[in-house]
Every structure is written in C-alpha cells, then in structure tokens.
file coords.cif (mmCIF, C-alpha atoms and all ligand atoms)
data_structure
loop_
_atom_site.label_atom_id
_atom_site.label_comp_id
_atom_site.auth_asym_id
_atom_site.auth_seq_id
_atom_site.Cartn_x
_atom_site.Cartn_y
_atom_site.Cartn_z
CA MET A 10 0.00 0.00 0.00
CA ASN A 11 1.24 3.43 -0.94
CA SER A 12 0.59 5.92 1.84
CA ASN A 13 1.39 8.89 -0.41
CA ALA A 14 -1.91 8.72 -2.32
CA VAL A 15 -3.01 12.13 -3.54
CA ILE A 16 -5.33 13.83 -6.02
CA ALA A 17 -4.83 17.26 -7.60
CA ILE A 18 -7.28 19.19 -9.80
CA HIS A 19 -7.42 22.37 -11.85
CA GLY A 20 -10.26 24.46 -13.22
CA GLY A 21 -8.39 26.61 -15.73
CA ALA A 22 -5.79 29.38 -15.61
CA GLY A 23 -5.89 33.00 -16.66
CA THR A 24 -5.59 36.67 -15.89
CA ILE A 25 -7.07 37.91 -12.67
CA LEU A 26 -9.40 40.84 -13.06
CA ARG A 27 -8.95 42.47 -9.69
CA SER A 28 -12.04 44.60 -10.02
CA ALA A 29 -14.09 41.42 -10.33
CA LEU A 30 -12.87 40.11 -7.01
CA SER A 31 -15.62 39.46 -4.58
CA ALA A 32 -15.33 37.45 -1.42
CA SER A 33 -18.45 35.45 -2.19
CA ALA A 34 -17.32 34.56 -5.73
CA GLU A 35 -13.99 33.43 -4.43
CA ALA A 36 -15.73 31.38 -1.77
CA ASP A 37 -17.88 29.68 -4.44
CA TYR A 38 -14.79 28.58 -6.34
CA HIS A 39 -13.04 27.32 -3.23
CA ALA A 40 -16.19 25.43 -2.21
CA ALA A 41 -16.53 23.83 -5.65
CA LEU A 42 -12.87 22.81 -5.75
CA THR A 43 -13.07 21.45 -2.20
CA ALA A 44 -16.17 19.37 -2.98
CA VAL A 45 -14.50 17.82 -6.02
CA LEU A 46 -11.30 17.11 -4.12
CA SER A 47 -13.26 15.51 -1.29
CA ALA A 48 -14.97 13.18 -3.75
CA GLY A 49 -11.63 12.19 -5.29
CA GLN A 50 -10.13 11.77 -1.85
CA ARG A 51 -12.91 9.36 -0.88
CA VAL A 52 -12.23 7.21 -3.94
CA LEU A 53 -8.55 6.99 -3.00
CA ALA A 54 -9.23 6.40 0.71
CA ASP A 55 -11.51 3.49 -0.21
CA GLY A 56 -8.69 1.89 -2.15
CA GLY A 57 -10.09 2.95 -5.52
CA SER A 58 -7.85 3.37 -8.54
CA ALA A 59 -6.25 6.62 -9.64
CA LEU A 60 -8.23 6.15 -12.87
CA ASP A 61 -11.50 6.10 -10.91
CA ALA A 62 -10.45 9.12 -8.85
CA VAL A 63 -9.61 11.31 -11.87
CA SER A 64 -12.75 10.18 -13.78
CA GLU A 65 -14.95 11.10 -10.86
CA ALA A 66 -13.23 14.43 -10.21
CA VAL A 67 -13.45 15.50 -13.85
CA ARG A 68 -17.04 14.33 -14.15
CA LEU A 69 -17.97 16.56 -11.21
CA LEU A 70 -16.02 19.48 -12.68
CA GLU A 71 -17.88 18.98 -15.99
CA ASP A 72 -21.21 19.15 -14.17
CA CYS A 73 -20.26 22.37 -12.35
CA PRO A 74 -21.20 25.50 -14.38
CA LEU A 75 -18.34 27.52 -12.88
CA PHE A 76 -15.87 25.73 -15.13
CA ASN A 77 -15.48 25.57 -18.91
CA ALA A 78 -16.12 21.87 -19.46
CA GLY A 79 -19.45 20.07 -19.80
CA HIS A 80 -22.27 22.29 -18.45
CA GLY A 81 -20.78 25.80 -18.62
CA ALA A 82 -18.63 25.16 -21.70
CA VAL A 83 -17.73 28.14 -23.90
CA TYR A 84 -19.37 28.85 -27.28
CA THR A 85 -17.92 28.26 -30.74
CA SER A 86 -18.11 30.92 -33.48
CA ALA A 87 -21.40 29.28 -34.51
CA GLY A 88 -22.89 29.68 -31.04
CA THR A 89 -22.66 25.97 -30.31
CA HIS A 90 -20.56 23.89 -27.93
CA GLU A 91 -17.91 21.35 -28.97
CA LEU A 92 -16.26 19.39 -26.19
CA ASP A 93 -12.95 17.53 -25.91
CA ALA A 94 -11.64 15.15 -23.23
CA ALA A 95 -8.88 12.63 -22.60
CA ILE A 96 -7.88 10.17 -19.90
CA MET A 97 -4.76 8.05 -19.41
CA ASP A 98 -3.85 5.18 -17.11
CA GLY A 99 -0.23 5.34 -15.94
CA ARG A 100 -0.27 1.67 -14.99
CA THR A 101 -0.75 0.39 -18.54
CA LEU A 102 -0.21 3.49 -20.71
CA GLU A 103 -3.72 2.91 -22.06
CA ALA A 104 -5.47 6.08 -23.12
CA GLY A 105 -8.83 7.22 -24.48
CA ALA A 106 -9.99 10.53 -25.90
CA ILE A 107 -12.86 12.17 -27.78
CA CYS A 108 -13.10 15.54 -29.47
CA CYS A 109 -15.73 17.81 -31.06
CA VAL A 110 -18.65 16.08 -29.35
CA LYS A 111 -21.84 18.10 -29.02
CA ARG A 112 -24.29 15.97 -27.11
CA VAL A 113 -22.39 13.72 -24.71
CA ARG A 114 -23.16 14.99 -21.22
CA ASN A 115 -19.85 13.92 -19.68
CA PRO A 116 -17.04 13.78 -22.24
CA VAL A 117 -14.61 12.31 -19.70
CA LEU A 118 -16.82 9.24 -19.34
CA ALA A 119 -16.78 8.78 -23.11
CA ALA A 120 -12.98 9.08 -23.09
CA ARG A 121 -12.85 6.47 -20.35
CA ARG A 122 -14.97 4.07 -22.41
CA VAL A 123 -12.60 4.56 -25.33
CA LEU A 124 -9.72 3.64 -23.02
CA GLU A 125 -11.46 0.57 -21.68
CA ARG A 126 -13.56 -0.71 -24.55
CA SER A 127 -11.95 0.30 -27.80
CA GLU A 128 -8.80 -0.67 -29.61
CA HIS A 129 -8.49 2.97 -30.68
CA VAL A 130 -7.35 6.00 -28.70
CA LEU A 131 -9.14 9.02 -30.19
CA PHE A 132 -12.59 9.44 -31.73
CA THR A 133 -13.90 12.65 -33.26
CA GLY A 134 -17.31 14.25 -33.87
CA ASP A 135 -20.07 12.00 -35.16
CA GLY A 136 -17.96 8.88 -34.73
CA ALA A 137 -17.24 9.76 -31.12
CA GLU A 138 -20.94 10.28 -30.47
CA ALA A 139 -21.86 7.01 -32.18
CA PHE A 140 -19.32 5.23 -29.99
CA ALA A 141 -20.64 6.94 -26.83
CA ALA A 142 -24.22 6.07 -27.78
CA ALA A 143 -23.29 2.43 -28.33
CA GLN A 144 -21.75 2.48 -24.85
CA GLY A 145 -25.02 3.69 -23.36
CA LEU A 146 -23.69 7.03 -22.14
CA GLU A 147 -26.05 9.89 -21.32
CA PHE A 148 -26.87 12.30 -24.15
CA VAL A 149 -28.18 15.86 -23.81
CA ASP A 150 -29.25 18.59 -26.20
CA ASN A 151 -26.37 20.95 -27.07
CA SER A 152 -28.25 23.70 -25.18
CA TYR A 153 -27.69 21.77 -21.93
CA PHE A 154 -24.15 23.21 -21.97
CA ASP A 155 -25.46 26.83 -22.18
CA THR A 156 -24.87 29.31 -19.38
CA ASP A 157 -25.64 33.05 -19.39
CA ALA A 158 -22.12 33.94 -18.32
CA ARG A 159 -20.48 32.10 -21.23
CA TYR A 160 -23.06 33.49 -23.63
CA ARG A 161 -22.18 37.08 -22.68
CA GLN A 162 -18.52 36.19 -22.99
CA TRP A 163 -19.14 34.84 -26.49
CA GLN A 164 -21.04 37.97 -27.54
CA LEU A 165 -18.12 40.08 -26.43
CA ALA A 166 -15.79 37.88 -28.45
CA CYS A 167 -18.05 38.24 -31.49
CA GLU A 168 -17.96 42.04 -31.17
CA GLN A 169 -14.20 41.91 -31.19
CA GLN A 170 -14.20 39.28 -33.94
CA ARG A 171 -11.57 37.07 -32.42
CA PRO A 172 -11.15 34.08 -30.18
CA MET A 173 -10.76 35.25 -26.59
CA LEU A 174 -7.20 34.51 -25.67
CA ASP A 175 -5.56 37.88 -25.28
CA HIS A 176 -3.43 38.18 -22.18
CA ASP A 177 -1.99 41.53 -22.87
CA GLY A 178 -2.38 43.50 -19.66
CA ALA A 179 -2.82 46.83 -21.43
CA THR A 180 -5.52 45.49 -23.69
CA LEU A 181 -7.15 43.89 -20.73
CA ALA A 182 -7.26 47.15 -18.81
CA ALA A 183 -8.52 49.08 -21.82
CA ASN A 184 -11.20 46.55 -22.55
CA ALA A 185 -12.26 46.36 -18.96
CA SER A 186 -12.80 50.09 -18.79
CA ASN A 187 -14.62 50.19 -22.13
CA ARG A 188 -17.24 47.62 -21.50
CA GLN A 189 -19.70 46.43 -19.02
CA GLU A 190 -18.11 43.69 -16.97
CA PRO A 191 -19.53 40.49 -18.50
CA THR A 192 -19.28 38.16 -15.57
CA PRO A 193 -18.66 40.09 -12.38
CA HIS A 194 -18.75 36.99 -10.25
CA GLU A 195 -15.64 35.32 -11.57
CA PRO A 196 -12.35 36.03 -9.82
CA ILE A 197 -10.42 35.23 -12.97
CA ASP A 198 -11.53 37.25 -16.00
CA PRO A 199 -13.35 34.62 -18.06
CA ASN A 200 -12.41 36.36 -21.28
CA ARG A 201 -8.79 35.74 -20.54
CA LYS A 202 -9.17 32.53 -18.67
CA PHE A 203 -8.06 29.25 -20.11
CA GLY A 204 -10.97 27.18 -19.03
CA THR A 205 -10.24 23.55 -18.95
CA VAL A 206 -10.61 21.14 -16.07
CA GLY A 207 -8.32 18.32 -15.12
CA ALA A 208 -7.27 15.87 -12.44
CA VAL A 209 -4.19 13.79 -11.67
CA ALA A 210 -3.89 11.15 -8.98
CA LEU A 211 -1.66 8.60 -7.30
CA ASP A 212 -3.60 5.74 -5.71
CA VAL A 213 -2.74 3.56 -2.70
CA HIS A 214 -1.60 0.83 -5.11
CA GLY A 215 1.10 3.14 -6.47
CA HIS A 216 -0.54 3.82 -9.84
CA LEU A 217 -0.96 7.16 -11.61
CA ALA A 218 -3.71 8.54 -13.87
CA ALA A 219 -4.63 11.83 -15.51
CA ALA A 220 -7.79 13.25 -17.13
CA THR A 221 -8.55 16.57 -18.85
CA SER A 222 -11.80 18.00 -20.28
CA THR A 223 -12.70 21.29 -21.97
CA GLY A 224 -15.11 23.37 -24.01
CA GLY A 225 -12.04 24.87 -25.70
CA VAL A 226 -11.70 28.61 -26.23
CA THR A 227 -14.52 31.13 -26.67
CA ASN A 228 -15.45 31.85 -30.29
CA LYS A 229 -13.19 29.07 -31.59
CA GLN A 230 -13.83 28.00 -35.18
CA VAL A 231 -16.11 25.04 -35.59
CA GLY A 232 -13.98 21.91 -35.75
CA ARG A 233 -11.02 23.45 -33.93
CA VAL A 234 -9.36 21.00 -31.54
CA GLY A 235 -6.87 22.06 -28.88
CA ASP A 236 -4.38 20.22 -26.71
CA THR A 237 -6.87 18.74 -24.26
CA PRO A 238 -7.78 15.50 -26.08
CA LEU A 239 -4.28 14.93 -27.45
CA ILE A 240 -2.34 12.41 -25.41
CA GLY A 241 1.00 13.97 -24.54
CA ALA A 242 -0.15 17.55 -25.08
CA GLY A 243 -3.02 18.09 -22.62
CA CYS A 244 -2.92 14.82 -20.71
CA TYR A 245 -0.33 12.18 -19.92
CA ALA A 246 0.31 9.48 -17.28
CA ASP A 247 3.07 6.93 -16.81
CA ASP A 248 3.73 5.16 -13.51
CA ALA A 249 7.46 5.39 -14.31
CA THR A 250 7.40 9.19 -14.15
CA CYS A 251 4.26 11.24 -13.54
CA ALA A 252 0.67 12.14 -14.39
CA VAL A 253 0.00 15.55 -15.96
CA SER A 254 -3.07 17.61 -16.94
CA THR A 255 -2.64 21.00 -18.63
CA THR A 256 -4.64 24.16 -19.20
CA GLY A 257 -3.73 27.09 -21.40
CA SER A 258 -3.32 28.27 -24.97
CA GLY A 259 -3.87 24.86 -26.53
CA GLU A 260 -2.04 25.48 -29.78
CA MET A 261 1.20 26.20 -27.92
CA PHE A 262 0.76 23.24 -25.57
CA MET A 263 0.34 21.05 -28.66
CA ARG A 264 3.47 22.44 -30.29
CA MET A 265 5.45 21.84 -27.09
CA VAL A 266 3.88 18.42 -26.44
CA ALA A 267 3.71 19.93 -22.97
CA ALA A 268 2.35 17.12 -20.78
CA TYR A 269 4.69 14.51 -22.22
CA ASP A 270 7.63 16.86 -21.96
CA VAL A 271 7.30 16.87 -18.17
CA ALA A 272 7.46 13.05 -18.14
CA ALA A 273 10.24 12.96 -20.73
CA GLN A 274 12.40 15.39 -18.79
CA MET A 275 12.03 13.24 -15.68
CA ALA A 276 12.96 10.13 -17.63
CA TYR A 277 15.78 11.47 -19.77
CA ARG A 278 17.25 14.20 -17.60
CA ALA A 279 16.53 12.53 -14.26
CA VAL A 280 15.16 15.77 -12.84
CA SER A 281 12.45 16.05 -10.18
CA LEU A 282 8.76 16.45 -10.99
CA ASP A 283 8.85 20.04 -9.84
CA GLU A 284 11.92 20.89 -11.91
CA ALA A 285 10.53 19.30 -15.06
CA ALA A 286 7.10 20.94 -14.72
CA HIS A 287 8.64 24.30 -13.90
CA ASP A 288 10.87 24.14 -16.97
CA VAL A 289 7.95 23.40 -19.28
CA VAL A 290 5.63 26.09 -17.86
CA MET A 291 8.12 28.84 -17.00
CA ASN A 292 10.82 28.38 -19.65
CA ARG A 293 9.71 26.40 -22.66
CA LEU A 294 6.08 27.46 -23.18
CA PRO A 295 6.76 31.21 -22.80
CA LYS A 296 9.27 30.98 -25.68
CA ILE A 297 6.30 30.53 -28.04
CA ASP A 298 3.90 32.68 -26.01
CA GLY A 299 2.35 29.63 -24.38
CA ARG A 300 0.23 30.80 -21.45
CA GLY A 301 -1.35 28.62 -18.80
CA GLY A 302 -0.33 25.96 -16.35
CA LEU A 303 -0.47 22.33 -15.40
CA ILE A 304 -0.97 20.01 -12.47
CA ALA A 305 1.23 16.95 -11.98
CA VAL A 306 1.89 14.19 -9.47
CA ASP A 307 4.67 11.60 -9.42
CA ALA A 308 4.82 8.04 -8.14
CA ARG A 309 6.13 9.23 -4.75
CA GLY A 310 3.14 11.50 -4.22
CA ASN A 311 4.95 14.76 -4.96
CA VAL A 312 2.56 17.36 -6.37
CA THR A 313 3.33 20.45 -8.43
CA LEU A 314 0.87 23.06 -9.76
CA PRO A 315 2.86 25.64 -11.78
CA PHE A 316 1.29 28.32 -13.99
CA ASN A 317 2.63 31.36 -15.83
CA THR A 318 -0.62 33.34 -15.73
CA GLU A 319 -1.81 35.40 -12.80
CA GLY A 320 -4.05 32.68 -11.46
CA MET A 321 -5.16 29.08 -11.83
CA TYR A 322 -8.05 27.41 -10.04
CA ARG A 323 -6.38 24.49 -8.36
CA GLY A 324 -6.08 22.24 -5.34
CA PHE A 325 -4.93 18.91 -3.99
CA ALA A 326 -5.95 16.48 -1.28
CA ARG A 327 -4.47 13.50 0.48
CA PRO A 328 -6.64 10.90 2.23
CA GLY A 329 -7.20 11.93 5.83
CA ALA A 330 -6.08 15.53 5.36
CA ALA A 331 -8.11 18.65 4.56
CA PRO A 332 -8.14 19.60 0.85
CA VAL A 333 -5.97 22.58 -0.07
CA THR A 334 -7.35 24.98 -2.71
CA ALA A 335 -5.99 28.16 -4.28
CA ILE A 336 -6.73 30.60 -7.12
CA TYR A 337 -4.03 33.25 -7.21
CA ARG A 338 -0.29 33.17 -6.90
N1 LIG B 1 -6.23 24.16 -23.56
C1 LIG B 1 -7.62 24.34 -23.90
C2 LIG B 1 -7.79 24.41 -25.39
O1 LIG B 1 -6.95 24.99 -26.05
C3 LIG B 1 -8.20 25.57 -23.36
C4 LIG B 1 -7.99 25.76 -21.94
O2 LIG B 1 -7.18 25.14 -21.29
O3 LIG B 1 -8.70 26.61 -21.44
O4 LIG B 1 -8.78 23.94 -25.88
#

call {"tool": "encode", "arguments": {"input": "coords.cif", "output": "structure tokens"}}
result
Amino acid sequence: MNSNAVIAIHGGAGTILRSALSASAEADYHAALTAVLSAGQRVLADGGSALDAVSEAVRLLEDCPLFNAGHGAVYTSAGTHELDAAIMDGRTLEAGAICCVKRVRNPVLAARRVLERSEHVLFTGDGAEAFAAAQGLEFVDNSYFDTDARYRQWQLACEQQRPMLDHDGATLAANASNRQEPTPHEPIDPNRKFGTVGAVALDVHGHLAAATSTGGVTNKQVGRVGDTPLIGAGCYADDATCAVSTTGSGEMFMRMVAAYDVAAQMAYRAVSLDEAAHDVVMNRLPKIDGRGGLIAVDARGNVTLPFNTEGMYRGFARPGAAPVTAIYR
C-alpha cells in the first residue's frame, strides 16, 4: 500500500481581473474545488484506482457550471458547444480521448470508455458520439451546456471578432474600462481565462492517472481542436514518471507536447517532478507565447501546480487531510 496517495485538480488558468474580485465569488470557487477534491479523496481512501479518482473528479467538474467543461462550456463561433476530453492510465499506458462532441453529457466518461472498450485511442465528432451512444452514455441537447455567463462572454468575443485569448495587460485594462463587466462573479476574468478542467492522482496501489476536459476557447472556429484530447499535449500518465493535466493556450501546448515533456524530462534528464514541470511552464512554453499551467503528481506523491498566468483554479488532497485549494499566486 502506498501511503502517499493524492489527487490534484485544476479548473483553468488565466488573468485575474482584480475589479471582479468578490469574497463570495472566491468562496464559491473554493467550495466547488473542495467538494470535487473531497470526492476524489474518498475514492482513493476506499482503495479505488487513480483512474477512478480522476474520472470522478473530472465528471464533477464537468457538471459544475463555474468551469469551462461540460455544463458551462464556452461557445464556438457558430454559437454551439464542442467538447474535448482525454484520460490516461499510468499503470498500462492505455489512453482514451474524444473531441468535437456536441451531445455527450460527460465527455470524460466517453474518453474512459474509449480507453477501456476500444482498440483505438481518439474518436472525433459523429464517430465519437456514435461510440458513446453504443456504450449507453447519457446524451443531452447541445443547449444543456449553455450558461448566461459564457453566452455574454461569447457575444463580447463576437464584437471583437476574435477568439478570446488575449493576455496583454494593457488590452485587458482598456477593454475592462470600455465595456460592461460580462461576468462580475468570476475572480479570474473569463475572457482571458483558459478554461479547462483536469485531475491527476496517485492511488494507494502506487498507480498514476490523468484526465482533462474542456469546451475549448470562446469563439473558436467550428472543428477546432486544442491540446486537451491529445495524449502527450493536454494529458499524460506513466507510472514510471508522472501524471499531468494541462490548461492554457492549446495550440502552444500542442506544439510543445507539454504534458509529455514533463514526463520525458524526468525520464531522460533525471530531474524532479517540480523541476521538469517548472521548466515546461516557466521556460519552454513562454518561448512561443504559451500561457497557462499544469498540475502533476509523481509516483512518490509529490505534487506540483505551476502556472505562468496570474491565477489558476487548483487544489490537492491526500486521504485523511483537509483539501488545499488556491486561485491566485
Ligand atoms: N487548452 C484548452 C484548449 O486549447 C483551453 C484551456 O485550457 O482553457 O482547448
């Protein structure tokens, strides 16, 4: 039995809009993160697998409208929602992922079925939905993913005719003063927030797993796929090194193969989890303007949660200890 069992989660990274700070909004985020961590913690404390812990944590994050995954996902340029998710088992290196699904209520559960019941790793669009339907997963109308806050965010993006991923502080300040605040209850400005959710875990049996799920970026072109469902970019797990889930400007995380790079640096350079993750987030990604962060855990139960933005919704929990959550630096 491994006594270092731990689960870590994230709910996206981004630029803090200080004027949007309210104590009650912050409390809502901490409460949501704590509830998800407690659920994951229970799975681990009961001897459940890391794979079960990350599936359950990400499923709950998908159901929570505060985060951009599942219910509460951002809008595409066509005013629809297209969801991506991936999951990986560090014990076997088996992985499953789906992308561009529109009606699967919990994309992470579909990804898990791909891992467990398919010889393939990644399904897209109609094929992914046909697979999920054959597996008996719950389907919803695309409007189930709607929320007023994301709708306002999309309208703002449409006015500016661009996907919302601008982290320039000057632009941010100018925009903030020129418009009505779209979602005053979010501590991190949702227009500059990379909204993805993810979980990584080490179970009492010494195995690692990772899962990541997202609605992508606001006003993204229909059919656009980011790093989230790509094994090695947005999600990776190998018992020999670590489990990683990322959030940020997906195109840059893809180009850096960010999640796998953390594992590869541990394997090839024999550096610690923290050193490898820090190098990817603080040195390598910024070279191509990659903004965001990641969560990672290694086989000894070390946890690291680095990000190069002003904030990242995040937390971790070990069985028997109170969950720790944080938003800002
Ligand atoms: N990485 C995600 C994507 O590009 C977005 C995010 O993390 O918010 O789809």

call {"tool": "residues_around", "arguments": {"input": "coords.cif", "residues": "stretch 278-284 of chain A", "least_positions_apart": "5", "cutoff": "9 Å", "atoms": "all atoms listed in the file", "output": "PDB file with C-alpha atoms, in the coordinates of the input"}}
result
ATOM      1  CA  THR A 250       7.400   9.190 -14.150  1.00  0.00           C
ATOM      2  CA  CYS A 251       4.260  11.240 -13.540  1.00  0.00           C
ATOM      3  CA  VAL A 271       7.300  16.870 -18.170  1.00  0.00           C
ATOM      4  CA  ALA A 272       7.460  13.050 -18.140  1.00  0.00           C
ATOM      5  CA  ALA A 273      10.240  12.960 -20.730  1.00  0.00           C
ATOM      6  CA  VAL A 289       7.950  23.400 -19.280  1.00  0.00           C
ATOM      7  CA  ALA A 305       1.230  16.950 -11.980  1.00  0.00           C
ATOM      8  CA  VAL A 306       1.890  14.190  -9.470  1.00  0.00           C
ATOM      9  CA  ASP A 307       4.670  11.600  -9.420  1.00  0.00           C
ATOM     10  CA  ASN A 311       4.950  14.760  -4.960  1.00  0.00           C
ATOM     11  CA  VAL A 312       2.560  17.360  -6.370  1.00  0.00           C
ATOM     12  CA  THR A 313       3.330  20.450  -8.430  1.00  0.00           C
ATOM     13  CA  LEU A 314       0.870  23.060  -9.760  1.00  0.00           C
ATOM     14  CA  PRO A 315       2.860  25.640 -11.780  1.00  0.00           C
TER      15      PRO A 315
END

call {"tool": "residues_near_ligand", "arguments": {"input": "coords.cif", "ligand": "ligand LIG 1 (chain B)", "cutoff": "8 Å", "atoms": "all atoms listed in the file", "output": "list in words"}}
result
Gly21, Ala22, Asn77, Asp93, Lys202, Phe203, Gly204, Thr205, Val206, Thr223, Gly224, Gly225, Val226, Val234, Gly235, Asp236, Thr237, Gly243, Thr255, Thr256, Gly257, Ser258, Gly259, Glu260, Phe262 and Gly301 of chain A

call {"tool": "closest_residue", "arguments": {"input": "coords.cif", "among": "A:Ala41, A:Leu75, A:Ile107, A:Ala267", "to": "A:Leu92", "atoms": "all atoms listed in the file"}}
result
A:Ile107

call {"tool": "residues_around", "arguments": {"input": "coords.cif", "residues": "stretch 142-152 of chain A", "least_positions_apart": "6", "cutoff": "9 Å", "atoms": "only C-alpha atoms", "output": "list in words"}}
result
Thr89, His90, Glu91, Lys111, Arg112, Val113, Arg114, Asn115, Leu118, Ala119, Arg122 and Arg126 of chain A

call {"tool": "residues_around", "arguments": {"input": "coords.cif", "residues": "A:Thr334", "least_positions_apart": "3", "cutoff": "8 Å", "atoms": "only C-alpha atoms", "output": "ChimeraX atom specification"}}
result
/A:39,42-43,322-325

call {"tool": "residues_near_point", "arguments": {"input": "coords.cif", "point": "(-13.1, 9.2, -19.8)", "cutoff": "12 Å", "atoms": "all atoms listed in the file", "output": "VMD selection string"}}
result
chain A and resid 60 to 68 71 93 to 98 103 to 108 113 to 126 130 to 132 141 146 207 to 208 218 to 222 238 244

call {"tool": "residues_around", "arguments": {"input": "coords.cif", "residues": "A:Tyr337", "least_positions_apart": "6", "cutoff": "8 Å", "atoms": "all atoms listed in the file", "output": "list of chain:residue names"}}
result
A:Ile25, A:Glu319, A:Gly320, A:Met321, A:Tyr322

call {"tool": "closest_residue", "arguments": {"input": "coords.cif", "among": "A:Asn317, A:Asn292, A:Ser12, A:Thr85", "to": "A:Phe154", "atoms": "all atoms listed in the file"}}
result
A:Thr85

call {"tool": "closest_residue", "arguments": {"input": "coords.cif", "among": "A:Ala326, A:Ala14, A:Leu46, A:Val231", "to": "A:Gly88", "atoms": "only C-alpha atoms"}}
result
A:Val231

call {"tool": "atom_distance", "arguments": {"input": "coords.cif", "atom1": "atom CA of A:Trp163", "atom2": "atom CA of A:Asp135"}}
result
24.4 Å

call {"tool": "atom_distance", "arguments": {"input": "coords.cif", "atom1": "atom CA of A:Ala54", "atom2": "atom CA of A:Ala330"}}
result
10.7 Å

call {"tool": "atom_distance", "arguments": {"input": "coords.cif", "atom1": "atom CA of A:Ala40", "atom2": "atom CA of A:Ala82"}}
result
19.6 Å

call {"tool": "residues_around", "arguments": {"input": "coords.cif", "residues": "A:His214", "least_positions_apart": "4", "cutoff": "9 Å", "atoms": "all atoms listed in the file", "output": "list in words"}}
result
Met10, Asn11, Ser12, Ala14, Gly56, Gly57, Ser58 and Ala59 of chain A

call {"tool": "closest_residue", "arguments": {"input": "coords.cif", "among": "A:Pro295, A:Gly241, A:Gly23, A:Gly49", "to": "A:Pro328", "atoms": "only C-alpha atoms"}}
result
A:Gly49

call {"tool": "closest_residue", "arguments": {"input": "coords.cif", "among": "A:Ser254, A:Gln50, A:Thr101, A:Gln162", "to": "A:Thr227", "atoms": "all atoms listed in the file"}}
result
A:Gln162

call {"tool": "residues_near_point", "arguments": {"input": "coords.cif", "point": "(-1.4, 7.1, -6.2)", "cutoff": "7 Å", "atoms": "only C-alpha atoms", "output": "ChimeraX atom specification"}}
result
/A:11,13-15,59,210-217,308,310

call {"tool": "closest_residue", "arguments": {"input": "coords.cif", "among": "A:Arg100, A:Ser86, A:Arg327, A:Val333", "to": "A:Arg51", "atoms": "only C-alpha atoms"}}
result
A:Arg327
